[in-house]
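Below is one structure, written out as structure tokens, with a few remarks after it.
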Amino acid sequence: MQPARRDDWTSDHVWWLRSPMTSTLPVLAEPQHFDLAEKLVFAGLAVGSGTLFWRRFGPILKRILASKKDPDFRLRPLGRRAWDFFWEVLCQAKVIRQRPLPGLAHAFVFWGFCAFALVTLNHCAVGLGLGFLDPAGWFGQLYFYLAAAFALLCAAGISGLFVRRFLVRPRWLGEKLSWESGFIALLVFLLMVTYLAAFATADTSEAARVLWWAHTLCLLVFLPIIPHTKHLHLLLSPATVFLSRGGFSRIPPLAGDEDFGLVAGTDLTQLVSLQAYSCVECGRCTEHCPAANTGKVLNPKEIVLGLRSYLSELGPASAESLLGKYNSQEAIFQCTTCGACEFQCPVGIEHLPILIGLRRGAVNTGAWEDDHGGKLFLALERGSNALGMSATDRDKFVQKLELPIFDGTQEYCLWLGCMGGYDPKGREIIADFVRVMRYLDTSFGVLRKEKCTGDPVRRLGNDLVFQQLAEANLEAMALNNVKKIVSICPHCVRTIQEDWKEYGTPPEVEHHSEFLARHLEQLPKIRGEEKIVFHDPCYLGRYRNVYDEPRAVVRASAQLVEAPRSGERSFCCGAGGGLAFLGEETGERVSHVRAKELVDTGATTVGTACPFCNTMFRDALATKGSGTPQLLDIAQLTARALPTVGPSSAN
Amino acid sequence: MKILVAIKQVPERDAQVHIDASGTWIDEAGIQWALNESDAYALEEALQLKEKHGGEVVVVSAGPERVGSTIREALAKGADRAIHIDCAMGRLDALGVAQLLAAAIKSESPDLTLTGLQSDDLGYGQTGVILSELLGLPHSSLILHVEKTEQGLTVKRELEEGWFQTIELPLPAVLTIQSGGNKLRYATLMGIKKAKTKEVRRVTAQELGTTATPVVSLARISAPQKQKSTQMIGGSPKEAAAALAEKLKFEARVL
């Protein structure tokens with residue numbers, strides 16, 4: 001680089017090569033003439049920093065790569081992966097959407113880093129006398145100014161995040177203050193300041209040299225800190241997002257005769273290990289977790305960090321149980337599988353396959369001993385329903401409602417499910433939905449015999465019983481020539497549509513909210529001033545992406561009120577993941593917390609679209625005494641407007 | 001301790017049974033089969049004793065091909081190996097089954113033999129008792145809990161109206177196990193996979209050398225008459241509640 005080059009570059013003849021800012025605006029100063037000693041010192045430090053970095057990062061990479069291959073991993077479709085990468089990584093959509101202010105601060109830092117990639121490369125090259133971006137050239141000047149704008153935003157962003165972490169201190173970030181975070185924030189801030197300050201000096205000044213070295217040292221100190229702190233997500237999370245299984249709560253199939261789920265280190269797959277090391281400890285998962293918010297042991301963030309500690313201390317070849325020192329069995333079985341954690345995670349961690357994987361490991365090997373769980377498993381091993389009732393009870397109900405038996409000629413197979421077939425409240429919902437279907441002249445029938453779809457055993461990790469139930473049901477579906485199923489239970493819908501796929505091709509299935517919304521035009525409505533708060537069931541919202549249909553049904557007869565947490569951030573009722581069948585919860589009851597939130601909206605009616613939510617709130621509201629809102633399923637809301645003919649009561 | 005458990009395959013609890021053309025048995029077509037309930041408790045007791053004192057649990061079951069699935073279930077729950085007496089259950093009576101079991105068990109000479117109290121289909125409650133007689137061993141029936149002592153066994157036996165009896169008896173012995181004494185374990189995927197490699201020895205009645213002719217035969221079977229009765233309980237709420245609790249406990253037996 002020649003000191004005189006600026007004059008060469010500002011050629012008036014080639015006007016379009018000339019930067020418009022050349023004559024008036026300051027230019028980034030780059031120190032000139034590094035002597036050999038200085039170059040060697042720089043090279044030595046860079047090599048040292050790189051070595052330190054690799055000595056920490058290498059083993060992590062090795063542990064991830066040495067983990068078991070994911071049996072079901074497919075790189076295609078690439079389009080979905082590319083989109084996730086663009087939306088979640090490059091646009092920082094998840095980060096911003098969930099926590100707009102800190103999210104934007106983070107995005108500024110991220111975009112700052114992206115913009116700085118080229119700047120940093122050139123910065124280091126300058127140290128060796130090989131600078132390739134001319135600060136006065138049209139591109140260089142443009143780019144350095146662009147980077148300067150990002151640097152300003154990045155400095156502001158990192159300051160904001162520093163204030164949040166060390167002064168505001170939201171409890172999701174954990175009790176412990178991490179000095180490393182503060183130090184890293186300082187380094188990032190200094191990187192930006194040293195860059196910006198270089199615009200105020202000249203190439204030849206001593207200040208330029210000092211700034212260059214300060215910037216360099218910040219970089220070289222920063223690099224080795226990355227691998228052993230949460231800043232590892234800088235390197236890993238883009239890959240984690242890109243490589244994620246996709247979908248939601250996608251439970252991988254068991255591979256071979258020796259796979260029982262996540263039992264020991266040898267069962268951790270590359271994706272699980274990658275995800276464990278990607279956690280940035282932001283605590284979004286914990287913030288939304290119904291268990292963590294009601295005084296349970298389970299904290300999804302700690303589950304992921306527990307796996308990371310296991311990997312770091314024992315490695316992926318260890319035969320020691322994953323449950324014990326690093327994670328507790330008690331915590332694993334407190335998960336309602338509501339999926340709020342996975343839905344919110346900004347770095348692509350898929351918590352549900354991990355949590356359910358750990359449950360599979362405990363249940364498939366018999367390590368989990370629980371009175372209620374054992375009873376449920378036995379009821380489904382031998383009987384037909386999760387409630388442990390005799391199948392003849394369902395027959396009686398079918399006779400009482402005079403439900404037609406599905407014979408292959410009807411359009412819909414109405415799936416009763418355990419709740420609809422055996423639970424008193426679930427039967428009321430079925431009865432009202434049947435009234436609606438009869439009013440619409442929809443042809444439907446019910447199967448002569450039904451077995452539980454296997455939802456509770458699937459989520460509790462009992463693959464043996466799940467397989468038996470899925471196969472028996474798929475066989476019955478094929479035998480009866482079922483093409484279309486409609487169900488009042490989002491858990492049944494999810495299990496039929498997604499989970500049965502492991503054992504065959506399930507028929508088309510829809511939730512009754514979708515059916516009702518489609519037929520709203522043909523149904524009578526009562527226009528009232530009644531205020532109804534709609535509770536989004538996890539398995540309808542997050543699992544199926546159905547938010548508008550049940551709301552349309554509610555709006556048809558009343559004024560819709562929204563709970564503080566609704567839509568994709570809805571708070572679980574506490575029943576999912578098989579927990580409806582397990583014993584008393586520790587801490588506060590999830591259903592009570594949610595019921596209070598729904599009552600506090602001032603609504604006169606709580607609208608639900610899931611028989612499990614319904615049963616949880618029925619009990620929770622019963623403890624609230626008089627003046628509590630009534631509780632109705634959307635089928636019941638719809639049926640209220642129908643002329644009263646036919647059987648109106650199920651029991 | 002070597003423990004032998006005799007188990008029976010019976011129609012599943014939810015099975016819809018229909019009487020066959022002969023009028024002396026049910027139509028077996030389309031029936032789902034399961035492990036007899038009290039046999040499941042006998043197996044559980046055996047597995048718990050093995051876990052405490054070591055040894056081996058061998059299951060033995062008589063019946064046609066279909067019995068294999070119930071045997072596999074027992075192996076999956078933790079039994080070490082099995083003997084399948086391949087025969088048509090057809091017209092066998094309790095004595096006939098006990099003779100087959102005794103012939104198969106003799107060569108095993110177990111320390112303890114367990115059976116369920118009674119079968120859920122025929123409900124004679126005789127097989128285990130006759131078996132002990134054929135083997136010439138001491139026995140006790142209606143057992144809820146078994147404890148191994150230095151001399152032999154201490155067992156808890158259920159009497160009527162909430163009374164229990166504690167009995168000591170020497171080994172070897174035969175016990176018939178009552179339901180509900182333990183919590184049953186669930187079958188696991190790992191158990192099923194392991195069961196595939198466990199030994200199931202198949203023997204026929206001819207090989208065992210027993211040619212039993214039934215001494216008891218079924219004349220006719222019929223579905224129970226459906227009856228609904230309503231009782232009104234009078235008196236003060238306190239008296240009525242007490243009377244209701246009494247009835248629920250001893251008549252309906254649901255408490």
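Quick note on naming: the chains in the structure tokens go A, B, ... in the order shown, residues restart at 1 in each chain, and ligands are numbered from 1 in order of appearance.
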Can I get the residues of chain B within 10 Å of chain A, each with the closest pair of atoms and their distance in Å to one decimal, using only C-alpha atoms, sorted chain first then ascending number, as CSV?
residue,atom,partner,partner_atom,distance
B:Glu12,CA,A:Arg382,CA,7.0
B:Arg13,CA,A:Gly383,CA,7.0
B:Asp14,CA,A:Ala391,CA,5.6
B:Ala15,CA,A:Ala391,CA,8.4
B:Gln16,CA,A:Thr392,CA,8.5
B:Gln32,CA,A:Arg382,CA,9.5
B:Trp33,CA,A:Arg382,CA,9.1
B:Ala34,CA,A:Arg382,CA,7.1
B:Leu35,CA,A:Arg382,CA,9.0
B:Lys77,CA,A:Gly366,CA,9.4
B:Lys183,CA,A:Asp371,CA,7.7
B:Leu184,CA,A:Gly374,CA,7.5
B:Arg185,CA,A:Gly374,CA,6.5
B:Tyr186,CA,A:Gly374,CA,5.9
B:Ala187,CA,A:Leu464,CA,7.7
B:Thr188,CA,A:Asn364,CA,4.9
B:Leu189,CA,A:Asn364,CA,4.9
B:Met190,CA,A:Thr365,CA,5.3
B:Gly191,CA,A:Thr365,CA,7.3
B:Ile192,CA,A:Leu464,CA,8.2
B:Lys193,CA,A:Asp257,CA,6.9
B:Lys194,CA,A:Asp257,CA,9.4
Do a neighbour search on range 238-250 of chain A at 8 Å with only C-alpha atoms, toss out local chain neighbours closer than 2 positions, and write the hits as a VMD selection string.
chain A and resid 73 75 81 to 82 84 to 85 88 to 89 233 to 236 252 271 274 to 275 278 339 342 to 343 347 to 353 543
Could you save those same residues with N, CA and C atoms as a PDB file, in the first residue's frame?
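Just written: result17.pdb:
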ATOM      1  N   PHE A  73     -32.234 -38.840   9.314  1.00  0.00           N
ATOM      2  CA  PHE A  73     -31.845 -37.541   8.777  1.00  0.00           C
ATOM      3  C   PHE A  73     -31.815 -37.520   7.246  1.00  0.00           C
ATOM      4  N   LEU A  75     -31.192 -34.544   4.131  1.00  0.00           N
ATOM      5  CA  LEU A  75     -30.849 -33.145   3.882  1.00  0.00           C
ATOM      6  C   LEU A  75     -31.971 -32.456   3.103  1.00  0.00           C
ATOM      7  N   ARG A  81     -35.023 -25.919   4.486  1.00  0.00           N
ATOM      8  CA  ARG A  81     -33.840 -25.589   5.284  1.00  0.00           C
ATOM      9  C   ARG A  81     -33.341 -24.188   4.961  1.00  0.00           C
ATOM     10  N   ALA A  82     -33.301 -23.880   3.666  1.00  0.00           N
ATOM     11  CA  ALA A  82     -32.818 -22.569   3.250  1.00  0.00           C
ATOM     12  C   ALA A  82     -33.723 -21.468   3.814  1.00  0.00           C
ATOM     13  N   ASP A  84     -35.692 -21.636   6.533  1.00  0.00           N
ATOM     14  CA  ASP A  84     -35.489 -21.531   7.978  1.00  0.00           C
ATOM     15  C   ASP A  84     -34.222 -20.734   8.280  1.00  0.00           C
ATOM     16  N   PHE A  85     -33.178 -21.014   7.505  1.00  0.00           N
ATOM     17  CA  PHE A  85     -31.909 -20.335   7.721  1.00  0.00           C
ATOM     18  C   PHE A  85     -32.063 -18.835   7.458  1.00  0.00           C
ATOM     19  N   GLU A  88     -34.839 -17.464  10.232  1.00  0.00           N
ATOM     20  CA  GLU A  88     -34.498 -17.519  11.652  1.00  0.00           C
ATOM     21  C   GLU A  88     -33.087 -17.026  11.947  1.00  0.00           C
ATOM     22  N   VAL A  89     -32.152 -17.272  11.021  1.00  0.00           N
ATOM     23  CA  VAL A  89     -30.779 -16.845  11.278  1.00  0.00           C
ATOM     24  C   VAL A  89     -30.561 -15.452  10.696  1.00  0.00           C
ATOM     25  N   HIS A 233     -22.736 -20.406  20.441  1.00  0.00           N
ATOM     26  CA  HIS A 233     -23.894 -20.385  19.524  1.00  0.00           C
ATOM     27  C   HIS A 233     -23.602 -19.567  18.273  1.00  0.00           C
ATOM     28  N   LEU A 234     -22.642 -18.642  18.377  1.00  0.00           N
ATOM     29  CA  LEU A 234     -22.229 -17.877  17.201  1.00  0.00           C
ATOM     30  C   LEU A 234     -21.830 -18.809  16.072  1.00  0.00           C
ATOM     31  N   LEU A 235     -21.122 -19.877  16.467  1.00  0.00           N
ATOM     32  CA  LEU A 235     -20.607 -20.790  15.453  1.00  0.00           C
ATOM     33  C   LEU A 235     -21.595 -21.898  15.131  1.00  0.00           C
ATOM     34  N   LEU A 236     -22.269 -22.415  16.174  1.00  0.00           N
ATOM     35  CA  LEU A 236     -23.072 -23.621  15.970  1.00  0.00           C
ATOM     36  C   LEU A 236     -24.511 -23.375  15.546  1.00  0.00           C
ATOM     37  N   PRO A 252     -38.161 -39.096  16.355  1.00  0.00           N
ATOM     38  CA  PRO A 252     -37.499 -39.972  15.377  1.00  0.00           C
ATOM     39  C   PRO A 252     -37.843 -41.438  15.612  1.00  0.00           C
ATOM     40  N   LEU A 271     -27.494 -34.731  15.918  1.00  0.00           N
ATOM     41  CA  LEU A 271     -28.371 -33.568  16.034  1.00  0.00           C
ATOM     42  C   LEU A 271     -28.579 -33.181  17.489  1.00  0.00           C
ATOM     43  N   LEU A 274     -25.351 -31.610  18.736  1.00  0.00           N
ATOM     44  CA  LEU A 274     -25.194 -30.277  18.153  1.00  0.00           C
ATOM     45  C   LEU A 274     -26.121 -29.294  18.868  1.00  0.00           C
ATOM     46  N   GLN A 275     -27.352 -29.721  19.091  1.00  0.00           N
ATOM     47  CA  GLN A 275     -28.319 -28.843  19.743  1.00  0.00           C
ATOM     48  C   GLN A 275     -27.905 -28.552  21.186  1.00  0.00           C
ATOM     49  N   SER A 278     -25.454 -25.930  21.233  1.00  0.00           N
ATOM     50  CA  SER A 278     -25.878 -24.657  20.640  1.00  0.00           C
ATOM     51  C   SER A 278     -26.618 -23.761  21.612  1.00  0.00           C
ATOM     52  N   GLY A 339     -44.842 -27.970  24.153  1.00  0.00           N
ATOM     53  CA  GLY A 339     -44.000 -27.539  23.042  1.00  0.00           C
ATOM     54  C   GLY A 339     -43.669 -26.063  23.003  1.00  0.00           C
ATOM     55  N   GLU A 342     -39.826 -25.623  22.461  1.00  0.00           N
ATOM     56  CA  GLU A 342     -39.332 -25.858  21.099  1.00  0.00           C
ATOM     57  C   GLU A 342     -39.796 -24.759  20.161  1.00  0.00           C
ATOM     58  N   PHE A 343     -41.032 -24.311  20.379  1.00  0.00           N
ATOM     59  CA  PHE A 343     -41.603 -23.287  19.509  1.00  0.00           C
ATOM     60  C   PHE A 343     -40.822 -21.978  19.608  1.00  0.00           C
ATOM     61  N   VAL A 347     -32.398 -20.912  18.614  1.00  0.00           N
ATOM     62  CA  VAL A 347     -31.208 -21.532  18.025  1.00  0.00           C
ATOM     63  C   VAL A 347     -31.490 -22.930  17.468  1.00  0.00           C
ATOM     64  N   GLY A 348     -32.778 -23.264  17.307  1.00  0.00           N
ATOM     65  CA  GLY A 348     -33.110 -24.506  16.615  1.00  0.00           C
ATOM     66  C   GLY A 348     -33.041 -25.765  17.453  1.00  0.00           C
ATOM     67  N   ILE A 349     -33.073 -25.625  18.786  1.00  0.00           N
ATOM     68  CA  ILE A 349     -33.079 -26.825  19.625  1.00  0.00           C
ATOM     69  C   ILE A 349     -34.478 -27.427  19.601  1.00  0.00           C
ATOM     70  N   GLU A 350     -34.539 -28.744  19.409  1.00  0.00           N
ATOM     71  CA  GLU A 350     -35.836 -29.426  19.375  1.00  0.00           C
ATOM     72  C   GLU A 350     -35.995 -30.186  20.689  1.00  0.00           C
ATOM     73  N   HIS A 351     -36.629 -29.493  21.638  1.00  0.00           N
ATOM     74  CA  HIS A 351     -36.715 -30.028  23.001  1.00  0.00           C
ATOM     75  C   HIS A 351     -37.556 -31.290  23.102  1.00  0.00           C
ATOM     76  N   LEU A 352     -38.657 -31.337  22.323  1.00  0.00           N
ATOM     77  CA  LEU A 352     -39.577 -32.461  22.510  1.00  0.00           C
ATOM     78  C   LEU A 352     -38.964 -33.806  22.120  1.00  0.00           C
ATOM     79  N   PRO A 353     -38.309 -33.898  20.956  1.00  0.00           N
ATOM     80  CA  PRO A 353     -37.652 -35.179  20.673  1.00  0.00           C
ATOM     81  C   PRO A 353     -36.635 -35.551  21.756  1.00  0.00           C
ATOM     82  N   TYR A 543     -49.103 -27.431  17.619  1.00  0.00           N
ATOM     83  CA  TYR A 543     -48.888 -28.691  16.911  1.00  0.00           C
ATOM     84  C   TYR A 543     -49.538 -28.720  15.529  1.00  0.00           C
TER      85      TYR A 543
END
Might you pull out every residue within 12 Å of Ile3 in chain B, with only C-alpha atoms counted and same-chain residues fewer than 3 positions away left off, and present them as a ChimeraX atom specification?
/B:6,42-51,53-60,79-82,105,108-115,171-175
Based on the selection just made, write N, CA and C atoms of those residues as an mmCIF file, in the first residue's frame.
data_model
loop_
_atom_site.group_PDB
_atom_site.id
_atom_site.type_symbol
_atom_site.label_atom_id
_atom_site.label_comp_id
_atom_site.auth_asym_id
_atom_site.auth_seq_id
_atom_site.Cartn_x
_atom_site.Cartn_y
_atom_site.Cartn_z
ATOM 1 N N ALA B 6 -47.136 -71.348 36.618
ATOM 2 C CA ALA B 6 -48.073 -71.895 35.625
ATOM 3 C C ALA B 6 -49.038 -70.785 35.227
ATOM 4 N N ALA B 42 -49.156 -63.844 39.982
ATOM 5 C CA ALA B 42 -48.254 -64.938 40.346
ATOM 6 C C ALA B 42 -46.878 -64.707 39.714
ATOM 7 N N LEU B 43 -46.904 -64.291 38.447
ATOM 8 C CA LEU B 43 -45.644 -64.017 37.750
ATOM 9 C C LEU B 43 -44.914 -62.858 38.429
ATOM 10 N N GLU B 44 -45.655 -61.820 38.781
ATOM 11 C CA GLU B 44 -45.050 -60.656 39.429
ATOM 12 C C GLU B 44 -44.394 -61.059 40.754
ATOM 13 N N GLU B 45 -45.114 -61.889 41.527
ATOM 14 C CA GLU B 45 -44.567 -62.355 42.811
ATOM 15 C C GLU B 45 -43.262 -63.120 42.567
ATOM 16 N N ALA B 46 -43.262 -63.979 41.560
ATOM 17 C CA ALA B 46 -42.073 -64.773 41.241
ATOM 18 C C ALA B 46 -40.910 -63.874 40.845
ATOM 19 N N LEU B 47 -41.205 -62.869 40.023
ATOM 20 C CA LEU B 47 -40.143 -61.980 39.554
ATOM 21 C C LEU B 47 -39.559 -61.182 40.718
ATOM 22 N N GLN B 48 -40.433 -60.770 41.644
ATOM 23 C CA GLN B 48 -39.937 -60.006 42.788
ATOM 24 C C GLN B 48 -39.090 -60.884 43.710
ATOM 25 N N LEU B 49 -39.504 -62.141 43.880
ATOM 26 C CA LEU B 49 -38.702 -63.063 44.701
ATOM 27 C C LEU B 49 -37.330 -63.285 44.057
ATOM 28 N N LYS B 50 -37.339 -63.425 42.740
ATOM 29 C CA LYS B 50 -36.069 -63.625 42.026
ATOM 30 C C LYS B 50 -35.168 -62.402 42.180
ATOM 31 N N GLU B 51 -35.778 -61.222 42.073
ATOM 32 C CA GLU B 51 -34.987 -59.999 42.201
ATOM 33 C C GLU B 51 -34.356 -59.897 43.595
ATOM 34 N N HIS B 53 -33.877 -62.669 45.826
ATOM 35 C CA HIS B 53 -33.072 -63.809 46.266
ATOM 36 C C HIS B 53 -32.288 -64.467 45.151
ATOM 37 N N GLY B 54 -32.426 -63.989 43.945
ATOM 38 C CA GLY B 54 -31.727 -64.605 42.823
ATOM 39 C C GLY B 54 -32.428 -65.878 42.382
ATOM 40 N N GLY B 55 -31.889 -66.525 41.365
ATOM 41 C CA GLY B 55 -32.481 -67.769 40.887
ATOM 42 C C GLY B 55 -33.050 -67.639 39.498
ATOM 43 N N GLU B 56 -34.106 -68.401 39.253
ATOM 44 C CA GLU B 56 -34.622 -68.500 37.895
ATOM 45 C C GLU B 56 -36.144 -68.567 37.941
ATOM 46 N N VAL B 57 -36.793 -67.915 36.962
ATOM 47 C CA VAL B 57 -38.247 -68.013 36.856
ATOM 48 C C VAL B 57 -38.588 -68.704 35.526
ATOM 49 N N VAL B 58 -39.298 -69.815 35.624
ATOM 50 C CA VAL B 58 -39.695 -70.561 34.432
ATOM 51 C C VAL B 58 -41.217 -70.527 34.346
ATOM 52 N N VAL B 59 -41.754 -70.155 33.180
ATOM 53 C CA VAL B 59 -43.210 -70.196 33.048
ATOM 54 C C VAL B 59 -43.608 -71.423 32.247
ATOM 55 N N VAL B 60 -44.750 -71.959 32.598
ATOM 56 C CA VAL B 60 -45.270 -73.099 31.861
ATOM 57 C C VAL B 60 -46.732 -72.826 31.546
ATOM 58 N N ALA B 79 -39.470 -63.362 32.892
ATOM 59 C CA ALA B 79 -39.247 -64.790 33.092
ATOM 60 C C ALA B 79 -38.047 -65.224 32.256
ATOM 61 N N ASP B 80 -37.304 -66.233 32.741
ATOM 62 C CA ASP B 80 -36.054 -66.582 32.069
ATOM 63 C C ASP B 80 -36.252 -67.547 30.911
ATOM 64 N N ARG B 81 -37.165 -68.486 31.070
ATOM 65 C CA ARG B 81 -37.454 -69.388 29.964
ATOM 66 C C ARG B 81 -38.858 -69.954 30.135
ATOM 67 N N ALA B 82 -39.311 -70.747 29.157
ATOM 68 C CA ALA B 82 -40.696 -71.192 29.201
ATOM 69 C C ALA B 82 -40.850 -72.607 28.683
ATOM 70 N N ILE B 105 -43.600 -80.233 35.050
ATOM 71 C CA ILE B 105 -42.882 -79.603 36.154
ATOM 72 C C ILE B 105 -41.927 -80.577 36.846
ATOM 73 N N GLU B 108 -38.348 -80.536 36.258
ATOM 74 C CA GLU B 108 -37.726 -79.250 36.611
ATOM 75 C C GLU B 108 -37.413 -79.197 38.103
ATOM 76 N N SER B 109 -38.128 -79.965 38.899
ATOM 77 C CA SER B 109 -38.081 -79.913 40.366
ATOM 78 C C SER B 109 -37.784 -78.512 40.914
ATOM 79 N N PRO B 110 -38.750 -77.597 40.763
ATOM 80 C CA PRO B 110 -38.555 -76.238 41.253
ATOM 81 C C PRO B 110 -38.668 -76.159 42.772
ATOM 82 N N ASP B 111 -38.103 -75.074 43.343
ATOM 83 C CA ASP B 111 -38.232 -74.865 44.779
ATOM 84 C C ASP B 111 -39.644 -74.397 45.121
ATOM 85 N N LEU B 112 -40.200 -73.623 44.196
ATOM 86 C CA LEU B 112 -41.518 -73.063 44.460
ATOM 87 C C LEU B 112 -42.311 -73.051 43.162
ATOM 88 N N THR B 113 -43.564 -73.454 43.269
ATOM 89 C CA THR B 113 -44.448 -73.410 42.096
ATOM 90 C C THR B 113 -45.607 -72.478 42.403
ATOM 91 N N LEU B 114 -45.862 -71.529 41.496
ATOM 92 C CA LEU B 114 -46.954 -70.585 41.690
ATOM 93 C C LEU B 114 -47.970 -70.727 40.563
ATOM 94 N N THR B 115 -49.233 -70.589 40.920
ATOM 95 C CA THR B 115 -50.262 -70.451 39.887
ATOM 96 C C THR B 115 -51.162 -69.308 40.320
ATOM 97 N N LEU B 171 -40.282 -75.566 51.931
ATOM 98 C CA LEU B 171 -40.073 -75.654 50.475
ATOM 99 C C LEU B 171 -39.628 -77.078 50.144
ATOM 100 N N PRO B 172 -39.894 -77.589 48.989
ATOM 101 C CA PRO B 172 -40.692 -76.980 47.921
ATOM 102 C C PRO B 172 -42.189 -76.954 48.259
ATOM 103 N N ALA B 173 -42.896 -76.036 47.601
ATOM 104 C CA ALA B 173 -44.316 -75.879 47.881
ATOM 105 C C ALA B 173 -45.030 -75.348 46.647
ATOM 106 N N VAL B 174 -46.344 -75.404 46.692
ATOM 107 C CA VAL B 174 -47.168 -74.840 45.616
ATOM 108 C C VAL B 174 -48.087 -73.785 46.232
ATOM 109 N N LEU B 175 -48.153 -72.611 45.608
ATOM 110 C CA LEU B 175 -49.032 -71.552 46.106
ATOM 111 C C LEU B 175 -49.948 -71.082 44.982
#
Residue nearest Arg640 in chain A among A:Phe433, A:Ser591, A:Ala620, A:Val599 (counting only C-alpha atoms)
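Closest to Arg640 in chain A, using only C-alpha atoms: A:Phe433.
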For Asn545 in chain A, the nearest of the candidates A:Leu631, A:Glu514, A:Cys154, A:Leu440, counting only C-alpha atoms
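Among A:Leu631, A:Glu514, A:Cys154, A:Leu440, it is A:Glu514 that comes nearest to Asn545 in chain A.
Excluding Arg565 in chain A itself and any same-chain residue fewer than 6 positions from it, the protein and nucleic acid residues within 10 Å of it, counting only C-alpha atoms, are A:His288, A:His535, A:Asp536, A:Phe571, A:Cys572, A:Arg594, A:Glu597, A:Leu598.
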For the alpha helix (DSSP H) assignment from backbone DSSP, which residues of range 412-514 of chain A qualify? Please present them as a PyMOL selection string.
chain A and resi 417-422+424-439+455-460+463-479+490-497+512-514
Residues within 9 Å of range 176-178 of chain A, only C-alpha atoms, excluding chain neighbours under 6 positions, as a short mmCIF file (atom, residue, chain, number, x, y, z; two decimals) with N, CA and C atoms, in the first residue's frame:
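Final file, around38.cif:
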data_model
loop_
_atom_site.label_atom_id
_atom_site.label_comp_id
_atom_site.auth_asym_id
_atom_site.auth_seq_id
_atom_site.Cartn_x
_atom_site.Cartn_y
_atom_site.Cartn_z
N ARG A 165 -28.75 -7.57 30.99
CA ARG A 165 -28.21 -8.72 31.73
C ARG A 165 -27.74 -8.35 33.12
N PHE A 166 -27.13 -7.17 33.25
CA PHE A 166 -26.50 -6.89 34.54
C PHE A 166 -27.30 -5.92 35.41
N ARG A 169 -31.77 -7.67 34.68
CA ARG A 169 -31.67 -9.07 35.11
C ARG A 169 -32.99 -9.83 35.15
#
Might you pull out every residue within 6 Å of range 144-152 of chain B, with only C-alpha atoms counted and same-chain residues fewer than 6 positions away left off, and present them as JSON, numbers by chain?
{"B": [169, 170, 171, 178, 181]}
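In this model, the gap between CA of Ala276 in chain A and CA of Arg56 in chain A comes to 16.0 Å.
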CA of Val221 in chain A to CA of Phe42 in chain A measures 12.8 Å
Distance in Å - CA of Ser557 in chain A versus CA of Pro424 in chain A
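Taking CA of Ser557 in chain A and CA of Pro424 in chain A, their separation equals 24.6 Å.
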With only C-alpha atoms as the counted atoms, please give the residues lying no more than 12 Å from Leu208 in chain B, apart from itself and same-chain residues fewer than 2 positions off, as a list in words.
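Neighbouring residues, sequence-local ones excluded: Ala62, Ile83, His84, Ile85, Asp86, Cys87, Gln99, Leu100, Leu101, Ala102, Ala103, Ala104, Ile105, Lys106, Ser107, Arg202, Val203, Thr204, Ala205, Gln206, Thr210, Thr211 and Ala212 of chain B.
With distances restricted to only C-alpha atoms, A:Ile356 is the closest residue to Phe333 in chain A from A:Leu416, A:Val210, A:Val27, A:Ile356.
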Check range 473-623 of chain A with DSSP on the backbone and list each residue it calls strand (DSSP E or B), as an mmCIF file with C-alpha atoms, in the first residue's frame.
data_model
loop_
_atom_site.group_PDB
_atom_site.id
_atom_site.type_symbol
_atom_site.label_atom_id
_atom_site.label_comp_id
_atom_site.auth_asym_id
_atom_site.auth_seq_id
_atom_site.Cartn_x
_atom_site.Cartn_y
_atom_site.Cartn_z
ATOM 1 C CA LYS A 484 -61.722 -39.189 6.371
ATOM 2 C CA ILE A 485 -61.746 -38.850 10.128
ATOM 3 C CA VAL A 486 -63.115 -36.011 12.196
ATOM 4 C CA SER A 487 -62.282 -35.832 15.903
ATOM 5 C CA GLU A 508 -57.061 -37.926 6.289
ATOM 6 C CA VAL A 509 -58.008 -36.404 9.635
ATOM 7 C CA GLU A 510 -59.333 -33.072 10.797
ATOM 8 C CA HIS A 511 -60.275 -31.451 14.054
ATOM 9 C CA LYS A 531 -67.872 -12.589 26.288
ATOM 10 C CA ILE A 532 -66.035 -15.808 25.533
ATOM 11 C CA VAL A 533 -62.343 -16.283 26.124
ATOM 12 C CA PHE A 534 -60.868 -18.955 23.881
ATOM 13 C CA GLN A 559 -67.736 -11.589 21.560
ATOM 14 C CA LEU A 560 -64.240 -13.079 21.527
ATOM 15 C CA VAL A 561 -61.899 -12.106 24.347
ATOM 16 C CA THR A 605 -67.633 -18.307 29.244
ATOM 17 C CA VAL A 606 -64.418 -20.205 28.695
ATOM 18 C CA GLY A 607 -64.321 -21.741 25.233
ATOM 19 C CA THR A 608 -62.214 -24.841 24.663
#
